[in-house]
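Raw work_19.tsv, TSV, C-alpha atoms and all ligand atoms:
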```
chain	number	residue	atom	x	y	z
R	11	MET	CA	56.62	43.48	48.48
R	12	ARG	CA	57.26	41.91	51.90
R	13	LEU	CA	55.29	42.30	55.10
R	14	ASP	CA	57.37	43.81	57.91
R	15	GLY	CA	54.48	43.29	60.25
R	16	VAL	CA	50.98	44.26	61.21
R	17	GLU	CA	49.84	46.79	63.74
R	18	LEU	CA	46.50	45.88	65.33
R	19	TYR	CA	44.36	48.68	66.74
R	20	ARG	CA	41.37	48.08	68.96
R	21	ILE	CA	39.25	51.21	68.87
R	22	ALA	CA	35.97	52.21	70.54
R	23	MET	CA	33.61	54.34	68.47
R	24	PRO	CA	30.59	55.72	70.35
R	25	LEU	CA	27.41	55.50	68.25
R	26	VAL	CA	25.31	58.66	67.81
R	27	SER	CA	22.29	56.66	69.04
R	28	PRO	CA	21.75	53.07	70.20
R	29	PHE	CA	21.28	50.65	67.28
R	30	ARG	CA	18.79	47.89	68.08
R	31	THR	CA	18.38	44.78	65.95
R	32	SER	CA	16.72	41.42	66.55
R	33	PHE	CA	20.02	40.25	68.11
R	34	GLY	CA	20.60	43.10	70.56
R	35	VAL	CA	21.33	46.76	71.23
R	36	GLN	CA	24.70	48.33	70.37
R	37	THR	CA	25.82	51.66	71.82
R	38	THR	CA	29.51	51.53	70.87
R	39	ARG	CA	31.26	50.07	67.84
R	40	ASP	CA	34.20	47.95	69.03
R	41	VAL	CA	36.47	47.86	65.97
R	42	LEU	CA	39.68	46.03	65.11
R	43	LEU	CA	41.85	47.87	62.57
R	44	VAL	CA	44.77	46.27	60.79
R	45	ARG	CA	47.74	48.30	59.54
R	46	ALA	CA	49.96	46.30	57.19
R	47	VAL	CA	53.50	47.69	57.16
R	48	THR	CA	55.95	47.08	54.29
R	49	GLY	CA	59.13	48.72	53.04
R	50	GLU	CA	57.01	50.37	50.34
R	51	GLY	CA	54.39	51.90	52.61
R	52	ASP	CA	51.49	50.81	54.76
R	53	GLY	CA	47.83	49.96	54.25
R	54	TRP	CA	44.69	49.81	56.36
R	55	GLY	CA	42.10	47.09	56.85
R	56	GLU	CA	39.00	46.96	59.03
R	57	CYS	CA	37.56	43.91	60.71
R	58	VAL	CA	33.74	44.02	60.79
R	59	ALA	CA	33.27	41.41	63.52
R	60	MET	CA	31.25	42.53	66.54
R	61	SER	CA	32.43	42.14	70.16
R	62	ALA	CA	30.09	39.17	70.59
R	63	PRO	CA	29.09	36.40	68.13
R	64	LEU	CA	25.54	37.73	67.63
R	65	TYR	CA	25.48	38.49	63.91
R	66	SER	CA	27.73	35.58	62.92
R	67	ALA	CA	30.05	33.17	64.74
R	68	GLU	CA	32.95	35.61	64.57
R	69	TYR	CA	33.82	38.12	67.31
R	70	VAL	CA	36.57	40.68	67.71
R	71	ASP	CA	38.84	38.85	70.18
R	72	ALA	CA	38.72	35.68	68.08
R	73	ALA	CA	39.48	37.67	64.93
R	74	ALA	CA	42.50	39.27	66.61
R	75	ASP	CA	43.64	35.86	67.84
R	76	VAL	CA	43.47	34.17	64.42
R	77	ILE	CA	45.18	37.15	62.80
R	78	ILE	CA	48.03	36.98	65.33
R	79	ARG	CA	48.41	33.18	65.44
R	80	PHE	CA	47.79	32.24	61.82
R	81	LEU	CA	47.08	34.95	59.26
R	82	VAL	CA	50.10	37.21	59.80
R	83	PRO	CA	52.52	34.27	60.04
R	84	ALA	CA	51.01	32.88	56.81
R	85	LEU	CA	52.01	36.07	55.01
R	86	ALA	CA	55.62	35.92	56.21
R	87	GLY	CA	57.80	35.29	53.19
R	88	VAL	CA	54.97	35.90	50.73
R	89	ASP	CA	55.63	38.34	47.89
R	90	LEU	CA	52.55	40.44	48.61
R	91	ASP	CA	50.36	41.18	45.63
R	92	VAL	CA	46.69	41.19	44.66
R	93	THR	CA	47.02	37.57	43.52
R	94	THR	CA	49.10	36.15	46.40
R	95	VAL	CA	47.25	37.33	49.49
R	96	ARG	CA	44.09	35.21	49.17
R	97	PRO	CA	45.77	31.85	48.55
R	98	ALA	CA	48.02	32.46	51.57
R	99	LEU	CA	45.03	33.06	53.87
R	100	ASP	CA	42.55	30.58	52.40
R	101	ARG	CA	44.34	27.47	53.68
R	102	PHE	CA	42.70	28.30	57.01
R	103	LYS	CA	39.03	27.47	57.38
R	104	GLY	CA	36.43	30.05	58.33
R	105	HIS	CA	37.32	33.36	60.03
R	106	SER	CA	36.10	35.30	57.02
R	107	MET	CA	36.01	38.68	58.75
R	108	ALA	CA	39.56	38.27	60.06
R	109	LYS	CA	40.80	37.28	56.60
R	110	ALA	CA	38.90	40.13	54.97
R	111	ALA	CA	40.53	42.67	57.30
R	112	VAL	CA	44.04	41.41	56.55
R	113	GLU	CA	43.32	41.18	52.82
R	114	MET	CA	41.97	44.73	52.81
R	115	ALA	CA	45.13	46.07	54.45
R	116	VAL	CA	47.31	44.24	51.94
R	117	LEU	CA	45.19	45.42	48.98
R	118	ASP	CA	45.48	48.98	50.27
R	119	VAL	CA	49.25	48.93	50.56
R	120	VAL	CA	49.80	47.08	47.26
R	121	LEU	CA	47.36	49.19	45.22
R	122	ARG	CA	48.67	52.42	46.76
R	123	ALA	CA	52.21	51.50	45.78
R	124	ARG	CA	50.95	50.98	42.22
R	125	GLY	CA	48.77	54.09	42.14
R	126	VAL	CA	45.56	52.09	41.53
R	127	PRO	CA	42.30	52.93	43.35
R	128	LEU	CA	40.53	49.91	44.88
R	129	ALA	CA	37.38	50.75	42.89
R	130	ALA	CA	39.31	50.53	39.61
R	131	HIS	CA	40.89	47.24	40.69
R	132	LEU	CA	37.50	45.72	41.56
R	133	GLY	CA	35.90	46.85	38.28
R	134	ALA	CA	33.87	49.90	39.31
R	135	VAL	CA	31.63	51.52	36.69
R	136	ARG	CA	30.31	54.45	38.78
R	137	THR	CA	31.81	57.51	40.48
R	138	THR	CA	29.02	57.76	43.07
R	139	VAL	CA	26.81	55.14	44.70
R	140	ASP	CA	23.16	55.36	45.78
R	141	CYS	CA	22.73	55.13	49.52
R	142	GLY	CA	20.15	53.67	51.81
R	143	VAL	CA	19.97	53.65	55.58
R	144	SER	CA	19.24	50.93	58.11
R	145	VAL	CA	16.84	51.98	60.86
R	146	GLY	CA	16.92	50.07	64.13
R	147	VAL	CA	14.03	48.63	66.11
R	148	MET	CA	12.48	51.45	68.18
R	149	ASP	CA	10.45	51.48	71.39
R	150	THR	CA	7.51	53.26	69.74
R	151	VAL	CA	6.12	53.97	66.27
R	152	PRO	CA	6.32	57.80	66.70
R	153	GLU	CA	10.06	57.49	67.42
R	154	LEU	CA	10.47	55.36	64.30
R	155	LEU	CA	8.57	57.88	62.15
R	156	ASP	CA	10.80	60.69	63.48
R	157	ALA	CA	13.92	58.73	62.60
R	158	VAL	CA	12.69	57.75	59.12
R	159	GLY	CA	11.53	61.31	58.41
R	160	GLY	CA	14.96	62.64	59.37
R	161	TYR	CA	16.74	60.21	57.05
R	162	LEU	CA	14.39	60.99	54.16
R	163	ASP	CA	15.07	64.71	54.72
R	164	GLU	CA	18.81	63.96	54.55
R	165	GLY	CA	18.24	62.44	51.11
R	166	TYR	CA	18.58	58.68	51.64
R	167	LYS	CA	17.23	56.84	48.61
R	168	ARG	CA	15.97	53.80	50.49
R	169	ILE	CA	14.89	52.94	54.01
R	170	LYS	CA	15.51	49.58	55.64
R	171	LEU	CA	13.59	48.78	58.79
R	172	LYS	CA	15.02	46.28	61.22
R	173	ILE	CA	12.22	43.89	62.22
R	174	GLU	CA	11.64	41.15	64.78
R	175	PRO	CA	8.56	39.27	65.98
R	176	GLY	CA	6.27	41.91	67.49
R	177	TRP	CA	7.87	44.76	65.45
R	178	ASP	CA	7.15	44.03	61.81
R	179	VAL	CA	3.79	44.67	60.10
R	180	GLU	CA	2.89	47.59	62.37
R	181	PRO	CA	6.03	49.69	61.78
R	182	VAL	CA	5.95	48.93	58.04
R	183	ARG	CA	2.32	50.02	57.82
R	184	ALA	CA	3.05	53.18	59.82
R	185	VAL	CA	5.96	54.17	57.55
R	186	ARG	CA	3.85	53.59	54.42
R	187	GLU	CA	0.94	55.57	55.85
R	188	ARG	CA	3.13	58.52	56.83
R	189	PHE	CA	5.59	58.68	53.94
R	190	GLY	CA	3.66	57.10	51.08
R	191	ASP	CA	4.12	54.37	48.53
R	192	ASP	CA	6.99	56.04	46.66
R	193	VAL	CA	9.54	55.48	49.44
R	194	ALA	CA	11.85	52.60	48.57
R	195	LEU	CA	11.34	50.42	51.63
R	196	GLN	CA	12.70	47.05	52.76
R	197	VAL	CA	13.02	45.07	56.01
R	198	ASP	CA	15.77	43.03	57.69
R	199	ALA	CA	15.00	40.32	60.26
R	200	ASN	CA	18.55	39.12	61.01
R	201	THR	CA	17.30	35.50	61.26
R	202	ALA	CA	14.58	36.24	63.86
R	203	TYR	CA	11.75	34.19	62.29
R	204	THR	CA	10.89	30.57	61.52
R	205	LEU	CA	8.68	28.99	58.86
R	206	ALA	CA	5.92	29.06	61.47
R	207	ASP	CA	5.89	32.85	60.87
R	208	VAL	CA	5.01	32.56	57.18
R	209	ALA	CA	1.70	34.38	57.82
R	210	THR	CA	3.61	37.43	59.10
R	211	MET	CA	5.81	37.45	56.01
R	212	VAL	CA	2.72	37.16	53.78
R	213	ALA	CA	1.14	40.03	55.74
R	214	LEU	CA	4.03	42.23	54.54
R	215	ASP	CA	3.20	41.61	50.86
R	216	PRO	CA	0.62	44.44	50.52
R	217	PHE	CA	3.26	47.04	51.45
R	218	ASP	CA	5.27	46.65	48.25
R	219	LEU	CA	8.62	46.15	49.95
R	220	LEU	CA	11.76	45.84	47.81
R	221	LEU	CA	12.77	42.76	49.75
R	222	ILE	CA	12.70	40.84	53.04
R	223	GLU	CA	16.28	40.30	54.26
R	224	GLN	CA	17.31	37.13	56.08
R	225	PRO	CA	14.08	36.10	57.79
R	226	LEU	CA	15.29	32.60	58.73
R	227	PRO	CA	18.46	31.10	60.26
R	228	GLU	CA	21.76	31.41	58.45
R	229	ASP	CA	22.01	27.71	57.48
R	230	ASP	CA	18.39	27.32	56.32
R	231	LEU	CA	18.60	27.66	52.55
R	232	LEU	CA	15.73	25.22	51.99
R	233	GLY	CA	13.57	27.12	54.46
R	234	HIS	CA	14.15	30.35	52.55
R	235	ALA	CA	13.33	28.57	49.29
R	236	GLU	CA	10.07	27.31	50.81
R	237	LEU	CA	9.24	30.77	52.16
R	238	ALA	CA	9.98	32.36	48.78
R	239	LYS	CA	7.30	30.17	47.21
R	240	GLN	CA	4.70	31.47	49.66
R	241	VAL	CA	5.62	35.17	49.77
R	242	ASP	CA	5.42	37.64	46.87
R	243	THR	CA	8.10	40.00	48.27
R	244	PRO	CA	11.59	38.99	47.07
R	245	ILE	CA	13.75	37.20	49.65
R	246	CYS	CA	17.24	38.65	50.09
R	247	LEU	CA	19.95	36.72	51.92
R	248	ASP	CA	22.64	38.33	54.08
R	249	GLU	CA	23.96	36.05	56.88
R	250	SER	CA	23.54	32.91	54.72
R	251	ILE	CA	25.79	34.11	51.90
R	252	THR	CA	29.28	33.20	53.09
R	253	SER	CA	30.92	32.53	49.71
R	254	ALA	CA	30.31	32.48	45.96
R	255	ASN	CA	29.60	28.73	46.25
R	256	VAL	CA	26.84	29.33	48.78
R	257	ALA	CA	25.50	32.20	46.68
R	258	ARG	CA	25.23	29.90	43.65
R	259	ALA	CA	23.48	27.21	45.73
R	260	ALA	CA	21.05	29.71	47.28
R	261	ILE	CA	20.12	31.11	43.89
R	262	GLU	CA	19.71	27.72	42.23
R	263	LEU	CA	17.54	26.52	45.15
R	264	GLY	CA	15.29	29.56	44.88
R	265	ALA	CA	16.30	30.74	48.35
R	266	ALA	CA	17.48	34.20	47.24
R	267	GLN	CA	16.05	36.53	44.63
R	268	ILE	CA	18.38	39.35	45.75
R	269	VAL	CA	21.75	39.15	47.56
R	270	ASN	CA	23.32	41.44	50.17
R	271	ILE	CA	27.11	41.43	49.77
R	272	LYS	CA	29.40	42.19	52.70
R	273	ALA	CA	33.10	41.67	52.07
R	274	GLY	CA	33.73	40.70	55.70
R	275	ARG	CA	31.13	37.93	55.63
R	276	VAL	CA	32.53	36.34	52.45
R	277	GLY	CA	36.24	36.53	53.35
R	278	GLY	CA	37.28	39.73	51.59
R	279	TYR	CA	36.75	42.13	48.72
R	280	LEU	CA	38.15	39.69	46.15
R	281	SER	CA	35.66	37.03	47.23
R	282	ALA	CA	32.95	39.72	47.20
R	283	VAL	CA	33.70	40.28	43.51
R	284	GLU	CA	33.18	36.53	42.92
R	285	VAL	CA	29.82	36.68	44.70
R	286	HIS	CA	28.91	39.73	42.61
R	287	ASP	CA	29.81	37.86	39.41
R	288	ALA	CA	27.98	34.67	40.44
R	289	CYS	CA	24.84	36.73	41.06
R	290	ALA	CA	25.23	38.86	37.92
R	291	SER	CA	25.51	35.83	35.65
R	292	ARG	CA	22.26	34.46	37.12
R	293	GLY	CA	20.33	37.72	36.86
R	294	ILE	CA	20.28	38.27	40.64
R	295	PRO	CA	20.71	41.93	41.72
R	296	VAL	CA	23.01	42.70	44.64
R	297	TRP	CA	23.52	45.55	47.07
R	298	CYS	CA	26.27	46.40	49.51
R	299	GLY	CA	25.56	45.64	53.15
R	300	GLY	CA	27.00	47.52	56.09
R	301	MET	CA	28.52	46.58	59.44
R	302	LEU	CA	28.77	50.04	61.01
R	303	GLU	CA	32.19	50.51	59.44
R	304	THR	CA	34.52	53.41	60.14
R	305	GLY	CA	35.53	55.55	57.16
R	306	LEU	CA	38.12	52.90	56.27
R	307	GLY	CA	35.70	50.03	55.73
R	308	ARG	CA	33.14	52.48	54.35
R	309	ALA	CA	35.62	53.61	51.66
R	310	ALA	CA	36.15	50.03	50.53
R	311	ASN	CA	32.40	49.30	50.62
R	312	VAL	CA	31.69	52.29	48.40
R	313	ALA	CA	34.34	51.07	45.94
R	314	LEU	CA	32.70	47.63	45.87
R	315	ALA	CA	29.21	49.13	45.46
R	316	ALA	CA	30.41	50.91	42.30
R	317	MET	CA	30.49	47.54	40.47
R	318	PRO	CA	27.84	47.05	37.77
R	319	ASN	CA	25.48	44.54	39.41
R	320	PHE	CA	25.09	46.66	42.59
R	321	THR	CA	21.78	47.97	41.27
R	322	LEU	CA	19.99	48.56	44.59
R	323	PRO	CA	20.98	51.25	47.13
R	324	GLY	CA	23.28	49.85	49.81
R	325	ASP	CA	23.61	50.26	53.57
R	326	THR	CA	26.49	52.57	52.62
R	327	SER	CA	25.27	55.42	54.79
R	328	ALA	CA	27.14	58.62	55.62
R	329	SER	CA	29.62	58.55	58.52
R	330	ARG	CA	27.30	60.71	60.64
R	331	ARG	CA	24.55	58.07	60.51
R	332	TYR	CA	26.66	56.22	63.08
R	333	PHE	CA	29.50	58.38	64.36
R	334	ALA	CA	29.85	61.98	65.55
R	335	ARG	CA	33.50	61.73	64.61
R	336	ASP	CA	34.94	59.25	62.10
R	337	VAL	CA	38.58	58.10	62.02
R	338	THR	CA	38.86	59.34	58.41
R	339	GLU	CA	37.47	62.41	56.73
R	340	PRO	CA	33.73	61.79	57.09
R	341	PHE	CA	31.75	60.35	54.18
R	342	GLU	CA	28.96	62.81	53.45
R	343	LEU	CA	25.71	62.27	51.59
R	344	VAL	CA	25.28	64.34	48.40
R	345	ASN	CA	21.89	63.93	46.72
R	346	GLY	CA	21.53	60.56	48.37
R	347	THR	CA	24.88	59.34	47.13
R	348	LEU	CA	28.44	58.88	48.39
R	349	ALA	CA	31.43	59.61	46.18
R	350	VAL	CA	33.63	56.65	45.28
R	351	PRO	CA	37.18	57.40	46.51
R	352	THR	CA	39.56	58.22	43.66
R	353	GLU	CA	42.90	58.10	45.46
R	354	PRO	CA	45.00	54.90	45.20
R	355	GLY	CA	44.21	51.94	47.45
R	356	ILE	CA	41.13	52.37	49.63
R	357	GLY	CA	41.65	56.09	49.07
R	358	VAL	CA	41.41	57.27	52.68
R	359	ARG	CA	43.66	57.24	55.76
R	360	PRO	CA	42.86	57.51	59.44
R	361	HIS	CA	43.42	60.87	61.07
R	362	PRO	CA	46.32	60.13	63.49
R	363	ASP	CA	45.03	62.30	66.36
R	364	VAL	CA	41.49	60.94	66.16
R	365	LEU	CA	42.82	57.39	65.90
R	366	ALA	CA	45.05	57.91	68.95
R	367	GLU	CA	42.13	59.23	70.98
R	368	LEU	CA	39.89	56.29	70.11
R	369	THR	CA	42.53	53.58	70.51
R	370	GLU	CA	42.12	51.33	73.55
R	371	ASP	CA	44.79	48.81	72.63
R	372	LYS	CA	47.57	48.61	70.07
R	373	ARG	CA	49.81	45.69	69.27
R	374	TRP	CA	52.65	44.99	66.83
R	375	ILE	CA	52.75	41.57	65.14
R	376	PRO	CA	56.06	40.99	63.34
R	377	GLY	CA	55.76	39.59	59.84
R	378	MET	CA	58.85	37.44	60.25
R	379	ALA	CA	59.00	34.50	62.66
R	380	GLY	CA	59.22	35.82	66.19
R	381	ASP	CA	57.16	36.66	69.22
R	382	SER	CA	54.50	39.31	69.01
R	383	THR	CA	54.94	41.99	71.62
R	384	ALA	CA	52.61	44.47	73.27
R	385	LEU	CA	53.57	48.05	72.44
W	1	LIG	C1	22.76	43.77	58.69
W	1	LIG	N1	23.83	45.90	59.40
W	1	LIG	O1	22.55	44.13	57.55
W	1	LIG	C2	23.72	44.52	59.61
W	1	LIG	C3	23.70	44.01	60.95
W	1	LIG	C4	24.40	44.71	62.03
W	1	LIG	C5	23.54	48.21	58.87
W	1	LIG	O2	21.78	46.80	59.35
W	1	LIG	C6	27.51	46.57	65.48
W	1	LIG	C7	28.29	46.00	64.52
W	1	LIG	C8	26.15	46.55	65.34
W	1	LIG	C9	27.73	45.39	63.40
W	1	LIG	C10	24.20	45.92	64.08
W	1	LIG	C11	22.95	46.91	59.24
W	1	LIG	C12	25.57	45.95	64.23
W	1	LIG	C13	26.36	45.36	63.26
W	1	LIG	C14	23.64	45.30	62.98
W	1	LIG	C15	25.76	44.75	62.16
W	1	LIG	O3	22.25	42.74	59.07
W	2	MG	MG	21.24	42.16	57.25
```

Any chance you could give the structure as structure tokens?
Amino acid sequence: MRLDGVELYRIAMPLVSPFRTSFGVQTTRDVLLVRAVTGEGDGWGECVAMSAPLYSAEYVDAAADVIIRFLVPALAGVDLDVTTVRPALDRFKGHSMAKAAVEMAVLDVVLRARGVPLAAHLGAVRTTVDCGVSVGVMDTVPELLDAVGGYLDEGYKRIKLKIEPGWDVEPVRAVRERFGDDVALQVDANTAYTLADVATMVALDPFDLLLIEQPLPEDDLLGHAELAKQVDTPICLDESITSANVARAAIELGAAQIVNIKAGRVGGYLSAVEVHDACASRGIPVWCGGMLETGLGRAANVALAAMPNFTLPGDTSASRRYFARDVTEPFELVNGTLAVPTEPGIGVRPHPDVLAELTEDKRWIPGMAGDSTAL
């Protein structure tokens, strides 16, 4: 199967409410979608980079640039298949989220042509996945308790509180006091602390959290290993885990007792399977992270989360957690779970009218040598 070209869509998805983390407040999701076009159909990929390099070094304009300049040309002349796409992209360093988006689009078109669902291709063992929800930093504790109560009423099986210095022990204590010890609860710092904050991390121990996610900077594996010795709560890495090699190192160093897997961060769904396997073979549980994906990325995340070692609920929330209107049929929570798509490929398609309304920019990148042109 040959690539005729790629259509890049830049879409703006308003969030149902502002999402605040230790790195900033988001009110709109600025998303790059990739449509891979072949003579045997098309496929969709989603780039999870943010507009600004706040979560990781990648950002949307840079992802679009590397896709246009390097990744699409690298696929020209390649016989597209599940085994050929990664080697063609991996000669370029970095740009994991850009690669993941292109790989996802190619996997979708290839697997759809073969009639194979992505979940089946990745090795799924479940038809539904348990869902958690990530709750942003709030201005006040009462607002937080309202938000958490609403999500528990919706049926989410686990609550993750975003934390930062000044918003950590107090909100955790308040949620425990209001909702009790049975709520599966964890926190995510998005790198906002240093080893000087070890006392704060220790102060979280009495609250029986499932895990503390990424307290320290992305590159500080030894720091996380040191912290893990001093804190009873398991340390989970997100930003730090950029490949299966890094996952193995983090585990062997004692820096991660649990791993958050995001396909975008590790360069694609095929790499995500390698991270899953590296963790599984070392007895390290994993869960599926989230990057405020549209229904396209969400579909692929749910397929990934159906693999055997995804034993903790993921940030695979329902579409309505983030968007009043999704580009696909919305993913809806049923008894705290989402259904794994059963149709071939990623199993969902964007709704053309909704996509058209949300699209701010659209560009065709020919697969063969030639100039890319604005549509
Ligand atoms: C995390 N996600 O686990 C990320 C970080 C994150 C669901 O907590 C726009 C785009 C806003 C991507 C905010 C969750 C975002 C974003 C937070 C990713 O660390
Ligand atoms: Mg995180």

Which residue of R:His234, R:Arg335, R:Lys372, R:Lys170 approaches ligand MG 2 (chain W) most closely, using all atoms listed in the file:
R:Lys170

Could you pull the residues within 10 Å of Asp230 of chain R, counting all atoms listed in the file, minus those fewer than 4 positions along the same chain, as a PyMOL selection string?
chain R and resi 201+204+224-226+234-236+250+260+265

Any chance you could tabulate, as JSON lines, the residues of chain R at most 10 Å from ligand LIG 1 (chain W) with each one's nearest atom pair and distance in Å to one decimal, using only C-alpha atoms and all ligand atoms, in chain and rising number order?
```
{"residue": "R:Leu25", "atom": "CA", "partner": "W:LIG1", "partner_atom": "C6", "distance": 9.4}
{"residue": "R:Pro28", "atom": "CA", "partner": "W:LIG1", "partner_atom": "C8", "distance": 9.2}
{"residue": "R:Phe29", "atom": "CA", "partner": "W:LIG1", "partner_atom": "C10", "distance": 6.4}
{"residue": "R:Arg30", "atom": "CA", "partner": "W:LIG1", "partner_atom": "C10", "distance": 7.0}
{"residue": "R:Thr31", "atom": "CA", "partner": "W:LIG1", "partner_atom": "C14", "distance": 6.1}
{"residue": "R:Ser32", "atom": "CA", "partner": "W:LIG1", "partner_atom": "C14", "distance": 8.7}
{"residue": "R:Phe33", "atom": "CA", "partner": "W:LIG1", "partner_atom": "C14", "distance": 8.1}
{"residue": "R:Gly34", "atom": "CA", "partner": "W:LIG1", "partner_atom": "C10", "distance": 7.9}
{"residue": "R:Val35", "atom": "CA", "partner": "W:LIG1", "partner_atom": "C8", "distance": 7.6}
{"residue": "R:Gln36", "atom": "CA", "partner": "W:LIG1", "partner_atom": "C8", "distance": 5.5}
{"residue": "R:Thr37", "atom": "CA", "partner": "W:LIG1", "partner_atom": "C8", "distance": 8.3}
{"residue": "R:Thr38", "atom": "CA", "partner": "W:LIG1", "partner_atom": "C6", "distance": 7.6}
{"residue": "R:Arg39", "atom": "CA", "partner": "W:LIG1", "partner_atom": "C6", "distance": 5.6}
{"residue": "R:Asp40", "atom": "CA", "partner": "W:LIG1", "partner_atom": "C7", "distance": 7.7}
{"residue": "R:Val41", "atom": "CA", "partner": "W:LIG1", "partner_atom": "C7", "distance": 8.5}
{"residue": "R:Val58", "atom": "CA", "partner": "W:LIG1", "partner_atom": "C9", "distance": 6.7}
{"residue": "R:Ala59", "atom": "CA", "partner": "W:LIG1", "partner_atom": "C9", "distance": 6.8}
{"residue": "R:Met60", "atom": "CA", "partner": "W:LIG1", "partner_atom": "C7", "distance": 5.0}
{"residue": "R:Ser61", "atom": "CA", "partner": "W:LIG1", "partner_atom": "C7", "distance": 8.0}
{"residue": "R:Ala62", "atom": "CA", "partner": "W:LIG1", "partner_atom": "C7", "distance": 9.3}
{"residue": "R:Leu64", "atom": "CA", "partner": "W:LIG1", "partner_atom": "C13", "distance": 8.8}
{"residue": "R:Tyr65", "atom": "CA", "partner": "W:LIG1", "partner_atom": "C15", "distance": 6.5}
{"residue": "R:Ser66", "atom": "CA", "partner": "W:LIG1", "partner_atom": "C15", "distance": 9.4}
{"residue": "R:Gly142", "atom": "CA", "partner": "W:LIG1", "partner_atom": "C5", "distance": 9.5}
{"residue": "R:Val143", "atom": "CA", "partner": "W:LIG1", "partner_atom": "C5", "distance": 7.3}
{"residue": "R:Ser144", "atom": "CA", "partner": "W:LIG1", "partner_atom": "O2", "distance": 5.0}
{"residue": "R:Val145", "atom": "CA", "partner": "W:LIG1", "partner_atom": "O2", "distance": 7.3}
{"residue": "R:Gly146", "atom": "CA", "partner": "W:LIG1", "partner_atom": "O2", "distance": 7.6}
{"residue": "R:Lys170", "atom": "CA", "partner": "W:LIG1", "partner_atom": "O2", "distance": 7.8}
{"residue": "R:Leu171", "atom": "CA", "partner": "W:LIG1", "partner_atom": "O2", "distance": 8.4}
{"residue": "R:Lys172", "atom": "CA", "partner": "W:LIG1", "partner_atom": "O2", "distance": 7.0}
{"residue": "R:Val197", "atom": "CA", "partner": "W:LIG1", "partner_atom": "O2", "distance": 9.5}
{"residue": "R:Asp198", "atom": "CA", "partner": "W:LIG1", "partner_atom": "O3", "distance": 6.6}
{"residue": "R:Ala199", "atom": "CA", "partner": "W:LIG1", "partner_atom": "O3", "distance": 7.7}
{"residue": "R:Asn200", "atom": "CA", "partner": "W:LIG1", "partner_atom": "O3", "distance": 5.5}
{"residue": "R:Thr201", "atom": "CA", "partner": "W:LIG1", "partner_atom": "O3", "distance": 9.0}
{"residue": "R:Glu223", "atom": "CA", "partner": "W:LIG1", "partner_atom": "O3", "distance": 8.0}
{"residue": "R:Gln224", "atom": "CA", "partner": "W:LIG1", "partner_atom": "O3", "distance": 8.1}
{"residue": "R:Leu247", "atom": "CA", "partner": "W:LIG1", "partner_atom": "O3", "distance": 9.6}
{"residue": "R:Asp248", "atom": "CA", "partner": "W:LIG1", "partner_atom": "O3", "distance": 6.7}
{"residue": "R:Glu249", "atom": "CA", "partner": "W:LIG1", "partner_atom": "O3", "distance": 7.2}
{"residue": "R:Asn270", "atom": "CA", "partner": "W:LIG1", "partner_atom": "O1", "distance": 7.9}
{"residue": "R:Ile271", "atom": "CA", "partner": "W:LIG1", "partner_atom": "O1", "distance": 9.4}
{"residue": "R:Lys272", "atom": "CA", "partner": "W:LIG1", "partner_atom": "O1", "distance": 8.6}
{"residue": "R:Cys298", "atom": "CA", "partner": "W:LIG1", "partner_atom": "O1", "distance": 9.1}
{"residue": "R:Gly299", "atom": "CA", "partner": "W:LIG1", "partner_atom": "O1", "distance": 5.5}
{"residue": "R:Gly300", "atom": "CA", "partner": "W:LIG1", "partner_atom": "C5", "distance": 4.5}
{"residue": "R:Met301", "atom": "CA", "partner": "W:LIG1", "partner_atom": "C9", "distance": 4.2}
{"residue": "R:Leu302", "atom": "CA", "partner": "W:LIG1", "partner_atom": "C9", "distance": 5.3}
{"residue": "R:Glu303", "atom": "CA", "partner": "W:LIG1", "partner_atom": "C7", "distance": 7.8}
{"residue": "R:Gly324", "atom": "CA", "partner": "W:LIG1", "partner_atom": "C5", "distance": 9.2}
{"residue": "R:Asp325", "atom": "CA", "partner": "W:LIG1", "partner_atom": "C5", "distance": 5.7}
{"residue": "R:Thr326", "atom": "CA", "partner": "W:LIG1", "partner_atom": "C5", "distance": 8.2}
{"residue": "R:Ser327", "atom": "CA", "partner": "W:LIG1", "partner_atom": "C5", "distance": 8.5}
{"residue": "R:Tyr332", "atom": "CA", "partner": "W:LIG1", "partner_atom": "C5", "distance": 9.6}
```

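Here the question is which of R:Gly278, R:Pro360, R:Pro24, R:Pro227 gets nearest to ligand MG 2 (chain W) using all atoms listed in the file, and that residue is R:Pro227.
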
Select all residues near (41.8, 37.7, 63.9) (cut-off 9 Å, inclusive, file coordinates), counting all atoms listed in the file, and output them as a tab-separated table (two decimals) with C-alpha atoms, in the frame of the given file.
```tsv
chain	number	residue	atom	x	y	z
R	42	LEU	CA	39.68	46.03	65.11
R	57	CYS	CA	37.56	43.91	60.71
R	69	TYR	CA	33.82	38.12	67.31
R	70	VAL	CA	36.57	40.68	67.71
R	71	ASP	CA	38.84	38.85	70.18
R	72	ALA	CA	38.72	35.68	68.08
R	73	ALA	CA	39.48	37.67	64.93
R	74	ALA	CA	42.50	39.27	66.61
R	75	ASP	CA	43.64	35.86	67.84
R	76	VAL	CA	43.47	34.17	64.42
R	77	ILE	CA	45.18	37.15	62.80
R	78	ILE	CA	48.03	36.98	65.33
R	79	ARG	CA	48.41	33.18	65.44
R	80	PHE	CA	47.79	32.24	61.82
R	81	LEU	CA	47.08	34.95	59.26
R	105	HIS	CA	37.32	33.36	60.03
R	107	MET	CA	36.01	38.68	58.75
R	108	ALA	CA	39.56	38.27	60.06
R	109	LYS	CA	40.80	37.28	56.60
R	111	ALA	CA	40.53	42.67	57.30
R	112	VAL	CA	44.04	41.41	56.55
```

If I take atom CA of Val158 of chain R and atom CA of Gly190 of chain R, how far is one from the other in Å, to one decimal?
12.1 Å
